[in-house]
Structures are given as structure tokens and as C-alpha cells.
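Source file: query_23.tsv. Holds: TSV, C-alpha atoms.
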```tsv
chain	number	residue	atom	x	y	z
A	60	MET	CA	32.66	184.75	150.04
A	61	ALA	CA	34.59	182.62	152.57
A	62	SER	CA	32.86	181.54	155.74
A	63	PRO	CA	33.63	183.82	158.71
A	64	ARG	CA	34.46	180.64	160.64
A	65	SER	CA	37.39	179.81	158.28
A	66	TRP	CA	40.89	181.15	158.99
A	67	PRO	CA	40.97	183.52	155.98
A	68	GLY	CA	37.49	184.60	156.80
A	69	ARG	CA	38.36	185.42	160.38
A	70	VAL	CA	41.44	187.37	159.20
A	71	ARG	CA	39.36	189.28	156.65
A	72	ALA	CA	36.69	190.02	159.21
A	73	ARG	CA	39.27	191.33	161.68
A	74	LEU	CA	41.68	193.11	159.29
A	75	GLY	CA	39.60	193.79	156.24
A	76	GLU	CA	40.81	193.37	152.64
A	77	ARG	CA	44.36	194.57	153.44
A	78	GLY	CA	44.61	191.92	156.07
A	79	SER	CA	43.78	189.26	153.50
A	80	ALA	CA	46.65	190.40	151.29
A	81	LEU	CA	48.99	190.45	154.28
A	82	ALA	CA	48.02	186.88	155.13
A	83	VAL	CA	48.92	185.77	151.62
A	84	LEU	CA	52.35	187.43	151.93
A	85	VAL	CA	52.96	185.71	155.27
A	86	LEU	CA	52.09	182.36	153.69
A	87	LEU	CA	54.50	182.93	150.83
A	88	LEU	CA	57.26	183.93	153.27
A	89	VAL	CA	56.73	180.73	155.24
A	90	LEU	CA	57.03	178.67	152.05
A	91	VAL	CA	60.26	180.44	150.98
A	92	VAL	CA	61.94	180.13	154.39
A	93	GLY	CA	60.95	176.50	154.64
A	94	THR	CA	62.49	175.76	151.26
A	95	LEU	CA	65.78	177.45	152.16
A	96	VAL	CA	66.01	175.58	155.45
A	97	ALA	CA	65.18	172.23	153.90
A	98	MET	CA	67.50	172.67	150.87
A	99	PRO	CA	70.97	174.04	151.85
A	100	ALA	CA	72.16	174.05	148.25
A	101	THR	CA	69.33	176.41	147.33
A	102	ARG	CA	70.16	178.64	150.30
A	103	CYS	CA	73.80	178.87	149.20
A	104	GLU	CA	72.78	179.61	145.61
A	105	VAL	CA	70.47	182.46	146.68
A	106	PHE	CA	72.55	184.14	149.37
A	107	GLY	CA	76.07	182.85	148.68
A	108	GLY	CA	78.95	183.11	151.18
A	109	GLY	CA	79.24	181.23	154.42
A	110	CYS	CA	78.40	177.92	152.78
A	111	ARG	CA	81.02	175.20	152.83
A	112	LYS	CA	81.03	172.88	149.89
A	113	PRO	CA	81.24	169.18	150.77
A	114	ALA	CA	84.73	167.75	150.38
A	115	ARG	CA	85.19	165.79	147.20
A	116	GLU	CA	86.49	162.26	147.20
A	117	PRO	CA	90.27	162.41	146.70
A	118	HIS	CA	91.46	161.36	143.25
A	119	ALA	CA	94.47	159.13	142.76
A	120	ASP	CA	97.69	160.95	142.01
A	121	PRO	CA	98.26	160.52	138.25
A	122	ALA	CA	101.87	159.63	139.00
A	123	GLU	CA	100.81	156.73	141.18
A	124	PRO	CA	100.24	153.28	139.64
A	125	ALA	CA	96.67	152.19	139.04
A	126	GLY	CA	97.05	148.93	140.95
A	127	ARG	CA	98.39	147.95	144.34
A	128	PRO	CA	102.12	148.75	144.69
A	129	VAL	CA	104.35	145.68	144.73
A	130	ASP	CA	107.87	144.93	145.90
A	131	PRO	CA	110.48	145.48	143.13
A	132	VAL	CA	111.87	141.96	143.47
A	133	ALA	CA	108.38	140.46	143.35
A	134	ALA	CA	107.66	142.44	140.18
A	135	ALA	CA	110.89	141.24	138.55
A	136	THR	CA	110.48	137.56	139.49
A	137	ARG	CA	106.76	136.94	139.01
A	138	GLY	CA	107.44	135.69	135.46
A	139	ALA	CA	110.41	134.88	133.22
A	140	TYR	CA	113.82	136.53	132.94
A	141	VAL	CA	115.18	137.12	129.42
A	142	ALA	CA	118.72	138.40	128.76
A	143	LEU	CA	119.16	140.27	125.48
A	144	GLY	CA	121.92	142.35	123.96
A	145	ASP	CA	125.36	142.29	122.40
A	146	SER	CA	128.80	140.85	123.27
A	147	TYR	CA	128.93	142.69	126.60
A	148	SER	CA	125.88	140.63	127.59
A	149	SER	CA	126.71	137.40	125.76
A	150	GLY	CA	129.98	137.09	127.65
A	151	VAL	CA	132.70	137.46	125.02
A	152	GLY	CA	135.98	137.74	126.91
A	153	ALA	CA	134.72	135.73	129.89
A	154	GLU	CA	135.50	132.27	128.54
A	155	ALA	CA	136.09	129.59	131.15
A	156	GLY	CA	136.59	126.42	129.10
A	157	ALA	CA	136.54	124.75	125.71
A	158	ALA	CA	132.75	124.91	125.51
A	159	ASP	CA	132.88	128.69	125.78
A	160	GLN	CA	135.16	128.84	122.73
A	161	ASN	CA	133.03	126.74	120.43
A	162	PRO	CA	133.50	128.21	116.93
A	163	LEU	CA	130.02	127.02	115.96
A	164	ASP	CA	128.46	129.29	118.57
A	165	ARG	CA	128.01	132.39	116.44
A	166	CYS	CA	126.66	134.42	119.36
A	167	HIS	CA	129.53	133.47	121.70
A	168	ARG	CA	127.36	133.01	124.79
A	169	THR	CA	129.67	132.01	127.62
A	170	SER	CA	129.17	130.27	130.95
A	171	LYS	CA	130.51	133.24	132.93
A	172	ALA	CA	128.36	135.98	131.42
A	173	TYR	CA	126.52	138.08	134.02
A	174	TYR	CA	123.22	136.43	133.02
A	175	HIS	CA	124.09	133.27	134.94
A	176	GLN	CA	124.63	135.05	138.25
A	177	VAL	CA	121.51	137.17	137.86
A	178	SER	CA	119.35	134.18	136.93
A	179	THR	CA	120.46	132.21	140.01
A	180	ALA	CA	120.29	135.15	142.45
A	181	PHE	CA	116.47	135.11	142.39
A	182	GLY	CA	113.70	132.58	141.98
A	183	PHE	CA	112.08	133.50	138.68
A	184	ALA	CA	108.65	131.91	138.45
A	185	GLY	CA	109.01	131.48	134.68
A	186	GLY	CA	112.70	130.58	134.65
A	187	GLY	CA	115.38	132.34	132.63
A	188	SER	CA	116.65	132.35	129.04
A	189	PHE	CA	119.86	133.71	127.52
A	190	TRP	CA	119.64	135.21	124.03
A	191	ALA	CA	122.28	137.96	123.88
A	192	CYS	CA	124.41	137.70	120.74
A	193	SER	CA	127.88	139.00	120.01
A	194	GLY	CA	127.96	141.76	117.42
A	195	ALA	CA	124.26	142.59	117.77
A	196	THR	CA	122.97	146.03	116.85
A	197	THR	CA	119.55	147.47	117.63
A	198	GLY	CA	118.42	146.22	114.22
A	199	ASP	CA	119.74	142.72	114.95
A	200	VAL	CA	117.76	142.55	118.20
A	201	LEU	CA	114.66	143.39	116.17
A	202	LYS	CA	115.30	141.20	113.13
A	203	GLY	CA	117.88	138.56	114.05
A	204	LYS	CA	121.54	138.05	113.21
A	205	GLY	CA	123.67	135.33	111.64
A	206	GLY	CA	120.84	132.86	111.31
A	207	GLU	CA	119.65	133.59	114.84
A	208	PRO	CA	115.96	134.51	115.19
A	209	PRO	CA	115.14	138.00	116.48
A	210	GLN	CA	115.94	138.35	120.16
A	211	LEU	CA	112.62	140.13	120.63
A	212	GLY	CA	110.83	136.93	119.68
A	213	ARG	CA	111.80	135.54	123.09
A	214	LEU	CA	109.64	138.10	124.91
A	215	GLY	CA	106.00	137.79	125.84
A	216	ALA	CA	103.30	138.74	128.32
A	217	GLY	CA	104.86	136.37	130.86
A	218	THR	CA	108.26	138.12	130.81
A	219	SER	CA	108.90	139.96	134.08
A	220	LEU	CA	112.57	140.96	133.69
A	221	VAL	CA	114.68	141.95	130.68
A	222	THR	CA	118.35	142.91	130.85
A	223	ILE	CA	120.15	144.35	127.85
A	224	SER	CA	123.34	146.08	126.70
A	225	ILE	CA	123.07	147.53	123.21
A	226	GLY	CA	124.34	150.43	121.12
A	227	GLY	CA	128.09	149.82	121.03
A	228	ASN	CA	127.97	148.09	117.66
A	229	ASP	CA	125.60	150.74	116.28
A	230	ILE	CA	128.27	153.39	116.75
A	231	GLY	CA	131.05	151.00	115.64
A	232	PHE	CA	133.11	150.68	118.81
A	233	SER	CA	135.26	147.87	117.42
A	234	LYS	CA	136.15	149.98	114.38
A	235	ILE	CA	136.80	152.99	116.59
A	236	LEU	CA	139.22	150.99	118.72
A	237	ALA	CA	140.90	149.61	115.61
A	238	GLY	CA	141.39	153.17	114.37
A	239	CYS	CA	143.06	154.04	117.65
A	240	VAL	CA	145.34	150.98	117.62
A	241	VAL	CA	146.34	150.97	113.93
A	242	LYS	CA	147.47	154.46	113.06
A	243	LEU	CA	148.18	154.54	109.34
A	244	PRO	CA	149.22	157.66	107.41
A	245	TRP	CA	145.97	157.66	105.40
A	246	SER	CA	143.66	156.83	108.30
A	247	LYS	CA	141.72	159.26	110.48
A	248	GLY	CA	143.61	158.09	113.53
A	249	CYS	CA	141.84	157.93	116.85
A	250	GLN	CA	140.25	161.25	117.71
A	251	GLY	CA	139.75	162.14	114.06
A	252	GLN	CA	136.81	159.69	114.06
A	253	GLY	CA	134.73	162.11	116.12
A	254	PRO	CA	132.44	163.41	113.34
A	255	ASP	CA	131.61	159.90	112.16
A	256	ILE	CA	130.79	158.84	115.70
A	257	ALA	CA	128.54	161.86	116.17
A	258	THR	CA	126.59	160.93	113.05
A	259	ARG	CA	126.10	157.35	114.21
A	260	MET	CA	125.12	158.54	117.69
A	261	ALA	CA	122.43	160.74	116.17
A	262	THR	CA	121.03	157.73	114.32
A	263	LEU	CA	121.10	155.63	117.49
A	264	ARG	CA	119.15	158.37	119.27
A	265	GLN	CA	116.27	157.43	116.96
A	266	THR	CA	116.66	153.66	116.69
A	267	LEU	CA	117.25	152.88	120.38
A	268	PRO	CA	113.94	154.39	121.58
A	269	ASP	CA	112.15	152.45	118.83
A	270	LEU	CA	113.73	149.23	120.09
A	271	VAL	CA	112.77	149.95	123.71
A	272	THR	CA	109.22	150.72	122.64
A	273	GLU	CA	109.00	147.34	120.93
A	274	ILE	CA	110.46	145.55	123.97
A	275	THR	CA	107.86	147.11	126.27
A	276	ARG	CA	105.09	146.39	123.78
A	277	ARG	CA	105.95	142.69	123.70
A	278	ALA	CA	106.62	142.47	127.43
A	279	PRO	CA	104.30	145.09	128.97
A	280	ARG	CA	104.65	143.73	132.51
A	281	ALA	CA	108.44	143.50	132.51
A	282	ARG	CA	111.05	145.52	134.29
A	283	VAL	CA	113.50	146.35	131.50
A	284	ILE	CA	117.01	147.16	132.79
A	285	MET	CA	119.38	148.79	130.31
A	286	MET	CA	123.11	148.81	130.99
A	287	ALA	CA	125.66	151.42	129.98
A	288	TYR	CA	129.16	150.29	129.03
A	289	PRO	CA	132.08	150.36	131.49
A	290	ARG	CA	135.05	152.49	130.59
A	291	ALA	CA	137.98	150.37	129.44
A	292	PHE	CA	140.92	152.62	130.22
A	293	SER	CA	142.62	154.44	133.03
A	294	GLU	CA	142.56	158.23	132.88
A	295	VAL	CA	146.14	158.60	134.12
A	296	SER	CA	148.30	155.74	132.88
A	297	GLY	CA	148.88	154.14	129.51
A	298	VAL	CA	148.81	150.52	128.42
A	299	ASP	CA	151.83	148.85	126.89
A	300	GLY	CA	151.46	147.20	123.53
A	301	ASP	CA	148.20	148.64	122.22
A	302	ASN	CA	149.53	151.87	120.64
A	303	ILE	CA	146.85	153.93	122.39
A	304	THR	CA	148.09	157.07	124.13
A	305	VAL	CA	146.75	158.34	127.45
A	306	ALA	CA	145.08	161.21	125.59
A	307	ASP	CA	143.39	158.70	123.29
A	308	GLN	CA	142.33	156.64	126.30
A	309	ARG	CA	140.61	159.66	127.83
A	310	TRP	CA	138.96	160.42	124.52
A	311	LEU	CA	137.69	156.83	124.19
A	312	ASN	CA	136.40	156.89	127.76
A	313	ALA	CA	134.54	160.12	126.96
A	314	ARG	CA	132.84	158.48	123.97
A	315	THR	CA	131.82	155.57	126.22
A	316	HIS	CA	130.34	158.09	128.65
A	317	ASP	CA	128.45	159.83	125.84
A	318	LEU	CA	126.92	156.53	124.79
A	319	GLY	CA	125.94	155.79	128.37
A	320	GLU	CA	124.15	159.13	128.65
A	321	LEU	CA	122.21	158.37	125.49
A	322	VAL	CA	121.11	155.04	126.99
A	323	ARG	CA	120.22	156.76	130.27
A	324	GLU	CA	118.03	159.35	128.52
A	325	THR	CA	116.31	156.69	126.44
A	326	ALA	CA	115.49	154.63	129.54
A	327	ALA	CA	114.18	157.64	131.46
A	328	GLU	CA	111.93	158.77	128.62
A	329	ALA	CA	110.50	155.28	128.15
A	330	ASP	CA	109.84	154.88	131.87
A	331	GLU	CA	108.06	158.23	132.03
A	332	ARG	CA	105.68	157.07	129.31
A	333	ILE	CA	104.95	153.83	131.19
A	334	ALA	CA	104.32	155.68	134.46
A	335	ALA	CA	102.01	158.19	132.76
A	336	ALA	CA	99.97	155.32	131.31
A	337	HIS	CA	99.87	153.52	134.69
A	338	GLY	CA	101.64	150.53	133.17
A	339	ALA	CA	102.79	147.59	135.24
A	340	GLY	CA	106.35	147.52	133.87
A	341	SER	CA	109.32	149.88	133.91
A	342	VAL	CA	112.47	150.83	132.01
A	343	GLU	CA	115.52	151.34	134.21
A	344	PHE	CA	119.17	152.24	133.81
A	345	VAL	CA	122.31	150.67	135.27
A	346	ASP	CA	125.32	152.97	135.17
A	347	ALA	CA	128.34	150.72	134.64
A	348	TYR	CA	130.70	153.45	133.45
A	349	SER	CA	132.87	153.35	136.59
A	350	ALA	CA	132.23	149.69	137.41
A	351	PHE	CA	135.82	148.76	136.56
A	352	ALA	CA	137.52	151.72	138.26
A	353	GLY	CA	140.97	150.59	139.34
A	354	HIS	CA	140.61	147.45	137.24
A	355	GLU	CA	140.85	148.88	133.74
A	356	VAL	CA	142.90	147.46	130.87
A	357	GLY	CA	146.54	147.09	131.90
A	358	SER	CA	145.91	147.20	135.68
A	359	THR	CA	147.29	144.53	138.00
A	360	ASP	CA	143.83	142.98	138.39
A	361	PRO	CA	141.98	143.86	135.16
A	362	TYR	CA	138.23	143.44	134.74
A	363	MET	CA	138.65	144.27	131.05
A	364	ASN	CA	140.70	142.33	128.52
A	365	GLY	CA	143.40	144.24	126.69
A	366	LEU	CA	144.35	143.94	123.06
A	367	ALA	CA	144.79	140.33	121.93
A	368	VAL	CA	145.99	139.72	118.37
A	369	SER	CA	145.44	136.56	116.37
A	370	LEU	CA	148.71	136.03	114.52
A	371	SER	CA	147.11	133.63	112.05
A	372	ALA	CA	144.42	136.11	111.08
A	373	LEU	CA	146.50	139.23	111.77
A	374	ALA	CA	143.49	140.71	113.49
A	375	ALA	CA	142.36	141.52	117.01
A	376	GLU	CA	140.65	138.65	118.78
A	377	PRO	CA	136.99	139.18	119.71
A	378	ARG	CA	137.74	139.19	123.44
A	379	SER	CA	139.86	142.34	123.08
A	380	PHE	CA	138.47	145.19	125.21
A	381	HIS	CA	135.65	143.03	126.60
A	382	PRO	CA	134.96	142.22	130.27
A	383	THR	CA	136.80	139.35	131.93
A	384	VAL	CA	135.15	136.81	134.24
A	385	LYS	CA	135.67	139.23	137.14
A	386	GLY	CA	134.25	142.00	134.98
A	387	HIS	CA	131.05	140.03	134.48
A	388	GLU	CA	130.86	139.36	138.19
A	389	ALA	CA	130.98	143.13	138.76
A	390	LEU	CA	128.28	143.73	136.14
A	391	ALA	CA	126.10	141.01	137.68
A	392	GLY	CA	126.38	142.79	141.02
A	393	LEU	CA	125.07	146.01	139.47
A	394	PHE	CA	122.07	144.25	137.94
A	395	ILE	CA	121.26	142.40	141.15
A	396	ALA	CA	121.42	145.64	143.14
A	397	GLN	CA	119.11	147.38	140.64
A	398	ILE	CA	116.60	144.52	140.73
A	399	LYS	CA	116.40	144.90	144.50
A	400	LYS	CA	116.29	148.70	144.36
A	401	GLY	CA	113.59	149.17	141.73
A	402	PRO	CA	112.95	152.07	139.37
A	403	GLY	CA	112.60	154.73	142.07
A	404	ARG	CA	108.81	154.88	141.74
A	405	PRO	CA	105.97	152.53	142.79
A	406	LEU	CA	105.34	149.48	140.65
A	407	ALA	CA	101.77	148.21	140.25
A	408	GLU	CA	100.22	144.80	140.01
A	409	PRO	CA	99.35	143.89	136.41
A	410	ARG	CA	95.81	144.83	135.50
```
Conversion result in C-alpha cells:
Amino acid sequence: MASPRSWPGRVRARLGERGSALAVLVLLLVLVVGTLVAMPATRCEVFGGGCRKPAREPHADPAEPAGRPVDPVAAATRGAYVALGDSYSSGVGAEAGAADQNPLDRCHRTSKAYYHQVSTAFGFAGGGSFWACSGATTGDVLKGKGGEPPQLGRLGAGTSLVTISIGGNDIGFSKILAGCVVKLPWSKGCQGQGPDIATRMATLRQTLPDLVTEITRRAPRARVIMMAYPRAFSEVSGVDGDNITVADQRWLNARTHDLGELVRETAAEADERIAAAHGAGSVEFVDAYSAFAGHEVGSTDPYMNGLAVSLSALAAEPRSFHPTVKGHEALAGLFIAQIKKGPGRPLAEPR
């Protein structure tokens, strides 16, 4: 029996056995209330409602780059600039001297190609290199052409900018133009080549993304800028001496536009993948389709060469339907503007 001097004893003496039980209940109530006061999470779990959960730390937007955003020009110039592609990048048609017409230069890289203006417009920390090659297809960029090593071999982790025009030879633009110029009774003519072009375009829709994937794999920190082709012809007036009607000109321009849209889609898809993976590089698109508007073949100030025939070879000269020196100046302006503009989303520091 507890001592009457103790607290339970005094309660029992005053209230009897029921009082003792009541004292135990009071003690338990004190313990429960104390726990709820001291532990808010427990209180919310028991009673619910009226409890505000602590704000969570904000997570980074998955569309944002993982690193600190950088200026587009800084991203493009922190390493080396490499120019890849076909004759529209190598400068065929923009010859400015005997050196530009060297028959031993199988890639026909000229001194007035847009590369030269782009490379001098900015201070590239790793310098610049010019590897575009006339006649190149997507496969040639991957594997090499005419004894030239693969253009992709020029890329590396230190590459910060890549410019490229590619795809025209994959769909056979030179043959298409020849079919429009030389209309023989047994040939398909100009617009009759449509089904063949569609087949080659479908193949390019597979090979071009593969090429871009390999470029970004070899140069993961680079801004890759892909150029569409400028339209060669006016939509309203014909050109003397090339046997191409205005209707054929419009049809050829439409095929150029189709190819440009394929390049645009490829660039957008590749850039989306880089952004989703928080990569440091980008894939961008330069729309050159209307770059020569008012300066098409046959205009008073053409940015595109017209048909030139080699009488000795009885064949069109390579510069036919390729940009002139002024044409390459216009293309250089588009690239320079895009380098300054950026891909339209934040670019991150390399991780």
C-alpha cells in the first residue's frame, strides 16, 4: 500500500479507489497532449486538416540546362569552329582567282566560301578549320570522299561550332537540274522526276538524323548549325538559255523548300534530345530558302550562278546553279546572325 504522504496515496485517501483510476487517466491525457504539442507531424497525422505541409525545395525545370546559362556567342567561340558539308559550303561557284580553280583540289574549297567570313567574325579560342567538300553526301561526311578522310574526323570534344549544308547530293540535285535542262524524248523531263525524288527524300529522312547524331556524339559541346538551300529561281520570270520554263522553276523551288523542311525537322528533333538530356551543345537551323530573293539566276545582280556549259566536255560546269561570291556573303550573314541569336533556349556551361 502506498504511503498516505505520497501523491497517489493522498488522492486515494481523498477519492478512494475510483479516484486512483481517475488520476491514472489524467496522467495518460497529459502524456498524449504533450506528445501532440511537441510533435506537429503526429498531431496532423491523428487529427488531419488545418496542418500546412512545409514547402518543398523547388526543383529545376527539366527544360532548363543543368549548368549556368551562357551567352550564345561565348558558347560558340569557347573552342574550335569546323565547317563541314557539300559544294554549297565548300564554295563552288565563288571562285576569285587561279588558286580557287586548282584542278587538283578535289573538294573545290574556295577563298570566298562563307566559312572565311564566319571564321573571322568571331574570336574562336580553338581557331577554325575548313573541311567541306564538293559533291559530298551524308555518307561521304561519315566515311570520306575522293581520297579525303571523313569530315567527321575533324570534330572533337574541343569543337564549339559546326556549320554544315548537306542533303542536296543525296537527293541528286545536279541530276534533277540536268533533267530539267536536257529534255530528251526518252527522258522523264523535269517534273516527271518527282517519284524518284520522293524515294530519295525518304532515305535521307533516315540517314540525315544518323549523321547529326554522330556529329553531336563527337562534338558534344558544339553548337551545330545546319543550313537549308537557297532557291535558285524566280517564281515569276524565266531565264534565257537554260531551257527551264517558269513552271519548272517553281517546281524546282518547291523541291528545294521540301528539302529545307526536312533539314529543319531533323535539326529540331536533335536539339530536343540534347535539351532533354541537359547537354551543353545544340542543333540549330538556318533558313536560307529566301536568302537570294530578288537575286536569283538571271536577275540583274545574281547571287546564284546560272547554267554554264563546258564546250570541251559538253557538260555543265560545276559552278552552275551554285552561289556566287555575293551569294556566299549573304549566307555568311545568316550564319553570323544565328551565332549571335542562339538556339532559342538557354545554353549551359559544359559539365
Range 156-163 of chain A: which residues within 12 Å, counting all atoms listed in the file, same-chain residues fewer than 3 positions away excluded, as a list in words? Ser149, Gly150, Val151, Gly152, Ala153, Cys166, His167, Arg168, Thr169, Ser170, Lys171, Ala172, Gly205, Gly206, Glu376, Pro377, Arg378 and Val384 of chain A
List every residue of range 273-321 of chain A that has an atom at most 12 Å from any atom of range 220-224 of chain A, giving for each one its closest atom pair and the distance in Å to one decimal, counting only C-alpha atoms, sorted by chain and then by ascending residue number, as JSON lines.
```
{"residue": "A:Ile274", "atom": "CA", "partner": "A:Val221", "partner_atom": "CA", "distance": 8.7}
{"residue": "A:Thr275", "atom": "CA", "partner": "A:Val221", "partner_atom": "CA", "distance": 9.6}
{"residue": "A:Arg277", "atom": "CA", "partner": "A:Val221", "partner_atom": "CA", "distance": 11.2}
{"residue": "A:Ala278", "atom": "CA", "partner": "A:Val221", "partner_atom": "CA", "distance": 8.7}
{"residue": "A:Pro279", "atom": "CA", "partner": "A:Leu220", "partner_atom": "CA", "distance": 10.4}
{"residue": "A:Arg280", "atom": "CA", "partner": "A:Leu220", "partner_atom": "CA", "distance": 8.5}
{"residue": "A:Ala281", "atom": "CA", "partner": "A:Leu220", "partner_atom": "CA", "distance": 5.0}
{"residue": "A:Arg282", "atom": "CA", "partner": "A:Leu220", "partner_atom": "CA", "distance": 4.8}
{"residue": "A:Val283", "atom": "CA", "partner": "A:Val221", "partner_atom": "CA", "distance": 4.6}
{"residue": "A:Ile284", "atom": "CA", "partner": "A:Thr222", "partner_atom": "CA", "distance": 4.9}
{"residue": "A:Met285", "atom": "CA", "partner": "A:Ile223", "partner_atom": "CA", "distance": 5.1}
{"residue": "A:Met286", "atom": "CA", "partner": "A:Ser224", "partner_atom": "CA", "distance": 5.1}
{"residue": "A:Ala287", "atom": "CA", "partner": "A:Ser224", "partner_atom": "CA", "distance": 6.7}
{"residue": "A:Tyr288", "atom": "CA", "partner": "A:Ser224", "partner_atom": "CA", "distance": 7.6}
{"residue": "A:Pro289", "atom": "CA", "partner": "A:Ser224", "partner_atom": "CA", "distance": 10.8}
{"residue": "A:Leu318", "atom": "CA", "partner": "A:Ser224", "partner_atom": "CA", "distance": 11.2}
{"residue": "A:Gly319", "atom": "CA", "partner": "A:Ser224", "partner_atom": "CA", "distance": 10.2}
```
One decimal, in Å: what's the spacing between CA of Pro361 in chain A and CA of Gly386 in chain A?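 So the answer is 8.0 Å.
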Tell me which protein, DNA and RNA residues are within 10 Å of range 183-189 of chain A, counting all atoms listed in the file, leaving out same-chain ones fewer than 3 positions away, and put them as an MDAnalysis selection string. chainID A and resid 132:133 135:144 148:149 168:169 172 174:175 177:180 192 210 213:214 217:222
I want to know what sits within 10 Å of Glu355 in chain A, based on only C-alpha atoms, with residues of the same chain fewer than 3 positions away left out; could you give that as a ChimeraX atom specification? /A:289-294,298,349-352,358-365,380,382,386
Export, as a PDB file, in the frame of the given file, the selected residues with C-alpha atoms.
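Written output follows (selection.pdb):
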```
ATOM      1  CA  PRO A 289     132.080 150.360 131.490  1.00  0.00           C
ATOM      2  CA  ARG A 290     135.050 152.490 130.590  1.00  0.00           C
ATOM      3  CA  ALA A 291     137.980 150.370 129.440  1.00  0.00           C
ATOM      4  CA  PHE A 292     140.920 152.620 130.220  1.00  0.00           C
ATOM      5  CA  SER A 293     142.620 154.440 133.030  1.00  0.00           C
ATOM      6  CA  GLU A 294     142.560 158.230 132.880  1.00  0.00           C
ATOM      7  CA  VAL A 298     148.810 150.520 128.420  1.00  0.00           C
ATOM      8  CA  SER A 349     132.870 153.350 136.590  1.00  0.00           C
ATOM      9  CA  ALA A 350     132.230 149.690 137.410  1.00  0.00           C
ATOM     10  CA  PHE A 351     135.820 148.760 136.560  1.00  0.00           C
ATOM     11  CA  ALA A 352     137.520 151.720 138.260  1.00  0.00           C
ATOM     12  CA  SER A 358     145.910 147.200 135.680  1.00  0.00           C
ATOM     13  CA  THR A 359     147.290 144.530 138.000  1.00  0.00           C
ATOM     14  CA  ASP A 360     143.830 142.980 138.390  1.00  0.00           C
ATOM     15  CA  PRO A 361     141.980 143.860 135.160  1.00  0.00           C
ATOM     16  CA  TYR A 362     138.230 143.440 134.740  1.00  0.00           C
ATOM     17  CA  MET A 363     138.650 144.270 131.050  1.00  0.00           C
ATOM     18  CA  ASN A 364     140.700 142.330 128.520  1.00  0.00           C
ATOM     19  CA  GLY A 365     143.400 144.240 126.690  1.00  0.00           C
ATOM     20  CA  PHE A 380     138.470 145.190 125.210  1.00  0.00           C
ATOM     21  CA  PRO A 382     134.960 142.220 130.270  1.00  0.00           C
ATOM     22  CA  GLY A 386     134.250 142.000 134.980  1.00  0.00           C
TER      23      GLY A 386
END
```
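Ranking A:Lys202, A:Arg323, A:His381, A:His337 by their shortest atom-to-atom distance to Pro128 in chain A, with all atoms listed in the file included, puts A:His337 first.
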Which is closer to Ala216 in chain A than all the others in A:His354, A:Lys400, A:Arg276, A:His387, using only C-alpha atoms?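 Ranking A:His354, A:Lys400, A:Arg276, A:His387 by distance to Ala216 in chain A, first place goes to A:Arg276.
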CA of Lys399 in chain A to CA of Phe344 in chain A: how many Å, to one decimal? 13.3 Å
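When CA of Ala339 in chain A is paired with CA of Gly401 in chain A, their separation reads 12.7 Å.
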Pick the closest to Arg309 in chain A from A:Gly353, A:Cys249, A:Arg259, A:Thr272: which is it, counting only C-alpha atoms?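 Of A:Gly353, A:Cys249, A:Arg259, A:Thr272, the one nearest Arg309 in chain A is A:Cys249, counting only C-alpha atoms.
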Counting all atoms listed in the file, which residue out of A:Ile230, A:Leu311, A:Ala195, A:Val305 sits closest to Gln250 in chain A?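 Of the candidates, the smallest distance to Gln250 in chain A is held by A:Leu311.
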Which of these, A:Ile225, A:Phe394, A:Ala261, A:Gly340, has the shortest distance to Val129 in chain A once you count only C-alpha atoms?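 Once distances to Val129 in chain A are computed over only C-alpha atoms, the minimum belongs to A:Gly340.
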Could I get range 183-195 of chain A rebuilt with N, CA, C and O atoms, written as a JSON list (two decimals), in the coordinates of the input?
```json
[["chain", "number", "residue", "atom", "x", "y", "z"],
["A", 183, "PHE", "N", 112.99, 133.01, 139.72],
["A", 183, "PHE", "CA", 112.08, 133.50, 138.68],
["A", 183, "PHE", "C", 111.01, 132.45, 138.43],
["A", 183, "PHE", "O", 111.32, 131.30, 138.08],
["A", 184, "ALA", "N", 109.76, 132.85, 138.58],
["A", 184, "ALA", "CA", 108.65, 131.91, 138.45],
["A", 184, "ALA", "C", 108.61, 131.26, 137.07],
["A", 184, "ALA", "O", 108.23, 130.10, 136.93],
["A", 185, "GLY", "N", 109.02, 132.01, 136.04],
["A", 185, "GLY", "CA", 109.01, 131.48, 134.68],
["A", 185, "GLY", "C", 110.37, 131.06, 134.18],
["A", 185, "GLY", "O", 110.53, 130.81, 132.97],
["A", 186, "GLY", "N", 111.36, 130.98, 135.07],
["A", 186, "GLY", "CA", 112.70, 130.58, 134.65],
["A", 186, "GLY", "C", 113.44, 131.70, 133.93],
["A", 186, "GLY", "O", 113.00, 132.85, 133.91],
["A", 187, "GLY", "N", 114.59, 131.35, 133.34],
["A", 187, "GLY", "CA", 115.38, 132.34, 132.63],
["A", 187, "GLY", "C", 115.84, 131.83, 131.28],
["A", 187, "GLY", "O", 115.92, 130.61, 131.06],
["A", 188, "SER", "N", 116.14, 132.73, 130.36],
["A", 188, "SER", "CA", 116.65, 132.35, 129.04],
["A", 188, "SER", "C", 117.66, 133.40, 128.59],
["A", 188, "SER", "O", 117.53, 134.59, 128.87],
["A", 189, "PHE", "N", 118.67, 132.94, 127.85],
["A", 189, "PHE", "CA", 119.86, 133.71, 127.52],
["A", 189, "PHE", "C", 119.97, 133.84, 126.01],
["A", 189, "PHE", "O", 120.29, 132.87, 125.32],
["A", 190, "TRP", "N", 119.69, 135.05, 125.47],
["A", 190, "TRP", "CA", 119.64, 135.21, 124.03],
["A", 190, "TRP", "C", 120.50, 136.35, 123.52],
["A", 190, "TRP", "O", 120.41, 136.71, 122.34],
["A", 191, "ALA", "N", 121.36, 136.93, 124.36],
["A", 191, "ALA", "CA", 122.28, 137.96, 123.88],
["A", 191, "ALA", "C", 123.21, 137.37, 122.82],
["A", 191, "ALA", "O", 123.55, 136.19, 122.87],
["A", 192, "CYS", "N", 123.61, 138.20, 121.86],
["A", 192, "CYS", "CA", 124.41, 137.70, 120.74],
["A", 192, "CYS", "C", 125.53, 138.68, 120.39],
["A", 192, "CYS", "O", 125.27, 139.89, 120.22],
["A", 193, "SER", "N", 126.73, 138.17, 120.32],
["A", 193, "SER", "CA", 127.88, 139.00, 120.01],
["A", 193, "SER", "C", 127.70, 139.71, 118.67],
["A", 193, "SER", "O", 127.26, 139.12, 117.68],
["A", 194, "GLY", "N", 128.06, 140.98, 118.65],
["A", 194, "GLY", "CA", 127.96, 141.76, 117.42],
["A", 194, "GLY", "C", 126.61, 142.36, 117.15],
["A", 194, "GLY", "O", 126.43, 143.07, 116.15],
["A", 195, "ALA", "N", 125.63, 142.13, 118.03],
["A", 195, "ALA", "CA", 124.26, 142.59, 117.77],
["A", 195, "ALA", "C", 124.15, 144.10, 117.80],
["A", 195, "ALA", "O", 124.74, 144.77, 118.64]]
```
